[in-house]
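*Asks:* Pasting a structure here, questions to come.
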Amino acid sequence: MVIKVLAFAGSPRRGGNSETLLDWMLDAMRNESNVVVEKILLIEANINPCMGCNMCEKLNKCVQRDGMDIIHDKIIEADCIILAAPIFCMGVCSQAKALIDRAQVFRSRKYVLKLPIIPPERKGKRLGVFLSTAGQKWDYVFDAAIPSVKCFFNVIEVKERDIHYLMINGVDERGAILSHPTAYQDAKNLAREVVSNLRTRIGQ
Amino acid sequence: MKVLVLGISGSPHRHGNTEMLLDSFLSGAENQEALIEKVVLRDLNYSPCKACNACHKTGECIVNDDLNMLFNRILNVDCLAVASPIYSMGITAELKGVIDRAQYLWAKKFILKTLYFTNNHIRKHKGLFISTAGLSWDHVFDTAFPIITAFFNATGFEYYDNIIANDMDRYGGIQEHPTALKDAFSKGVEVVRAIEKLKRDL
């Protein structure tokens, strides 16, 4: 069985630090057998913000017709979902927050309509990864982003203990991550760990 | 000189809990004879920050849209009330879109050093965060505070107070909350009085 990896590059800047971190991880994953990787750039994904209309609590779908229609299905199909986003003003960039807020349809399905997000046989077999970079060196610079990330993974049926984090602070200018002492190796190691973990879960 | 109060409603949901709380705050301010103004982000056209960093060289944003007008308003009022409901443990993408665009002010302050707010300016300019959340958790607003702090720092406002009410799902809306709307009104009166006094004294 093929392992499906769905990755979101949340940054508005192409080839910046968070996307580089993501690409390192995805390159390592692509080198593994039976792994299919899809990368989606949120700046090209046409995801409007959530309108807060709460219609998904009744309709079990969003009233908006946009890029989220396709992404909704891809999120369900994936075995591993990676969200990469830089920290702007102490939070994830607004492009990533729009994706997180639009996961409201999954929240309504799970908690209001009490319908399954994924088939029962796939429960507990999915993994999530949050990759992030921040210009500031403060060690608490990622703190405000994490609860929203947990929310996102929770509603799309990735358990809290199955979320992996790789967050690199103190990388500001484009390319700063290239001279970070451990980021490259950390990304490679995380890719290997996640794929091997998924193989065990799926039974390869 | 009348006190100018700007309320920014970051909810996509018109006249919902958060906007009603903001309205109550603005009524309190108006009651104290402030000039009030409300901007609803849903009605504006703007794009998120592109992280192109052009503002690090020029101090200006290369994007030309409704936020240029909004930032001009923000920088010319005495009191700024920023309102957003909590979605997925954070402020809405709409409000985050505005806050990320304040990067040009950060660049002016810290890179180009062409913008400086004196201590007296900051003391006379008060910022408030207004929010509601469906969940009852006490920590449901925690991720918003550092983001709002960063925004008030960039725009030269003292972070004066929060007007927040959680557990909306249980109350069935802000109007059923025992104190929130009244507290917001009183806070509007209180902050305008405080600014009036500082404008006289400083």
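Ligands are numbered from 1 in the order shown, chains are lettered A, B, ... in the order of the structure tokens, and residues start at 1 in each chain.
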Starting from chain A, keep only residues with some atom at most 6 Å from an atom of chain B, counting only C-alpha atoms, and report them as a list in words.
*Replies:*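 The complete set of qualifying residues is Pro12, Arg13, Met51, Gly52, Cys89, Met90, Ser94, Lys97, Ala98, Ala144, Pro147, Ser148 and Cys151 of chain A.
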*Asks:* Pick out each residue of range 5-198 of chain B that DSSP on the backbone tags as helix (DSSP H, G or I); I need them as number ranges by chain.
*Replies:* B: 17-31, 41-43, 55-58, 66-74, 93-101, 103-110, 119-124, 138-141, 144-155, 168-171, 174-176, 180-198
*Asks:* In terms of the shortest atom-to-atom distance over only C-alpha atoms, which of A:Arg126, A:Gly15, A:Leu190, A:Asp139 is closest to Arg161 in chain A?
*Replies:*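 Of A:Arg126, A:Gly15, A:Leu190, A:Asp139, the one nearest Arg161 in chain A is A:Arg126, counting only C-alpha atoms.
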*Asks:* Enumerate the residues of range 106-201 of chain A with a DSSP assignment of strand (DSSP E), computed from the backbone, and present them as a ChimeraX atom specification.
*Replies:* /A:127-133,163-168
*Asks:* Would you write out those residues with N, CA and C atoms, as a PDB file, in the first residue's frame?
*Replies:*
```pdb
ATOM      1  N   LEU A 127      -0.577  10.505  10.741  1.00  0.00           N
ATOM      2  CA  LEU A 127       0.405  11.331  11.449  1.00  0.00           C
ATOM      3  C   LEU A 127       0.329  12.765  10.956  1.00  0.00           C
ATOM      4  N   GLY A 128       0.663  13.691  11.818  1.00  0.00           N
ATOM      5  CA  GLY A 128       0.723  15.097  11.441  1.00  0.00           C
ATOM      6  C   GLY A 128       2.098  15.664  11.733  1.00  0.00           C
ATOM      7  N   VAL A 129       2.491  16.635  10.937  1.00  0.00           N
ATOM      8  CA  VAL A 129       3.769  17.306  11.181  1.00  0.00           C
ATOM      9  C   VAL A 129       3.541  18.807  11.081  1.00  0.00           C
ATOM     10  N   PHE A 130       4.060  19.554  12.045  1.00  0.00           N
ATOM     11  CA  PHE A 130       4.048  21.013  11.947  1.00  0.00           C
ATOM     12  C   PHE A 130       5.481  21.503  11.831  1.00  0.00           C
ATOM     13  N   LEU A 131       5.765  22.147  10.705  1.00  0.00           N
ATOM     14  CA  LEU A 131       7.091  22.726  10.478  1.00  0.00           C
ATOM     15  C   LEU A 131       6.946  24.234  10.546  1.00  0.00           C
ATOM     16  N   SER A 132       7.856  24.868  11.244  1.00  0.00           N
ATOM     17  CA  SER A 132       7.734  26.316  11.318  1.00  0.00           C
ATOM     18  C   SER A 132       9.100  26.973  11.455  1.00  0.00           C
ATOM     19  N   THR A 133       9.157  28.216  11.034  1.00  0.00           N
ATOM     20  CA  THR A 133      10.369  29.009  11.212  1.00  0.00           C
ATOM     21  C   THR A 133       9.954  30.385  11.710  1.00  0.00           C
ATOM     22  N   ILE A 163       1.279  14.133  16.501  1.00  0.00           N
ATOM     23  CA  ILE A 163       1.770  15.345  15.824  1.00  0.00           C
ATOM     24  C   ILE A 163       3.265  15.496  16.118  1.00  0.00           C
ATOM     25  N   HIS A 164       4.048  15.631  15.069  1.00  0.00           N
ATOM     26  CA  HIS A 164       5.486  15.891  15.227  1.00  0.00           C
ATOM     27  C   HIS A 164       5.746  17.372  14.949  1.00  0.00           C
ATOM     28  N   TYR A 165       6.714  17.913  15.663  1.00  0.00           N
ATOM     29  CA  TYR A 165       7.019  19.338  15.488  1.00  0.00           C
ATOM     30  C   TYR A 165       8.485  19.523  15.134  1.00  0.00           C
ATOM     31  N   LEU A 166       8.731  20.375  14.149  1.00  0.00           N
ATOM     32  CA  LEU A 166      10.103  20.832  13.918  1.00  0.00           C
ATOM     33  C   LEU A 166      10.014  22.341  13.693  1.00  0.00           C
ATOM     34  N   MET A 167      10.495  23.081  14.686  1.00  0.00           N
ATOM     35  CA  MET A 167      10.334  24.533  14.665  1.00  0.00           C
ATOM     36  C   MET A 167      11.702  25.179  14.880  1.00  0.00           C
ATOM     37  N   ILE A 168      12.079  26.018  13.941  1.00  0.00           N
ATOM     38  CA  ILE A 168      13.423  26.608  13.962  1.00  0.00           C
ATOM     39  C   ILE A 168      13.281  28.117  14.153  1.00  0.00           C
TER      40      ILE A 168
END
```
*Asks:* Using only C-alpha atoms, find the one residue out of A:Arg102, A:Lys125, A:Leu115, A:Glu38 that sits nearest to Arg199 in chain A.
*Replies:* A:Lys125
*Asks:* For CA of Asn54 in chain A and CA of Met68 in chain A, determine how far apart the two atoms are, in Å to one decimal place.
*Replies:*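 Going from CA of Asn54 in chain A over to CA of Met68 in chain A covers 16.2 Å.
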*Asks:* Have a look at A:Val141, A:Ile202, A:Ile81, A:Leu21 and name the one nearest to Ile177 in chain A; count only C-alpha atoms.
*Replies:*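 Looking at the shortest contact to Ile177 in chain A, the residue is A:Leu21.
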*Asks:* State, in Å with one decimal place, the distance from CA of Pro49 in chain A to CA of Val82 in chain B.
*Replies:* 18.1 Å
*Asks:* Separation of CA of Leu44 in chain B and CA of Ile62 in chain B, in Å?
*Replies:* 17.6 Å
*Asks:* Set the distance at 7 Å and use only C-alpha atoms: which residues neighbour Ala133 in chain B once local chain neighbours fewer than 2 positions away are removed? I'd like the list as a PyMOL selection string.
*Replies:* chain B and resi 85-86+131+135+165-168
*Asks:* Please provide as a short mmCIF file (atom, residue, chain, number, x, y, z; two decimals) with C-alpha atoms, in the first residue's frame all residues within 7 Å of Cys56 in chain A, with the sequence filter that same-chain residues fewer than 4 positions apart are discarded (counting only C-alpha atoms).
*Replies:*
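Wrote it out as part-v2.cif, contents follow:
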```cif
data_model
loop_
_atom_site.label_atom_id
_atom_site.label_comp_id
_atom_site.auth_asym_id
_atom_site.auth_seq_id
_atom_site.Cartn_x
_atom_site.Cartn_y
_atom_site.Cartn_z
CA ASN A 60 -21.92 18.73 6.65
CA LYS A 61 -20.13 20.75 3.97
CA CYS A 62 -18.95 24.28 3.45
CA VAL A 105 -16.30 21.67 8.42
CA SER A 108 -18.79 20.27 12.72
#
```
*Asks:* I need the residue nearest Gly124 in chain A from this list: A:Phe106, A:Glu173, A:Asn197, A:Val36. Use only C-alpha atoms for the distance.
*Replies:*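 Comparing A:Phe106, A:Glu173, A:Asn197, A:Val36 against Gly124 in chain A, the winner is A:Asn197.
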*Asks:* Neighbours of Phe25 in chain B within 6 Å (only C-alpha atoms; same-chain residues fewer than 4 positions away dropped), as a ChimeraX atom specification?
*Replies:* /B:184-185,188
*Asks:* For a quick check of understanding, using only C-alpha atoms, which of A:Val92, A:Val2, A:Leu83, A:Ala9 has the smallest distance to Gln204 in chain A?
*Replies:*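 Residue with the minimum atom-to-atom distance to Gln204 in chain A: A:Val2.
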*Asks:* Neighbours of Ile118 in chain A within 9 Å (only C-alpha atoms; same-chain residues fewer than 4 positions away dropped), as a ChimeraX atom specification?
*Replies:* /A:76-77,122-123,156-157
*Asks:* Can you tell me, as a ChimeraX atom specification, what residues are no more than 12 Å from Ile47 in chain A when counting only C-alpha atoms, ignoring any on the same chain fewer than 5 positions away?
*Replies:* /A:10,40-42,62,64-72,94-103 /B:93
*Asks:* Smallest atom-to-atom distance to Tyr104 in chain B: which of B:Asn68, B:Gln32, B:Ser24, B:Thr118, using only C-alpha atoms?
*Replies:*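 Ranking B:Asn68, B:Gln32, B:Ser24, B:Thr118 by distance to Tyr104 in chain B, first place goes to B:Asn68.
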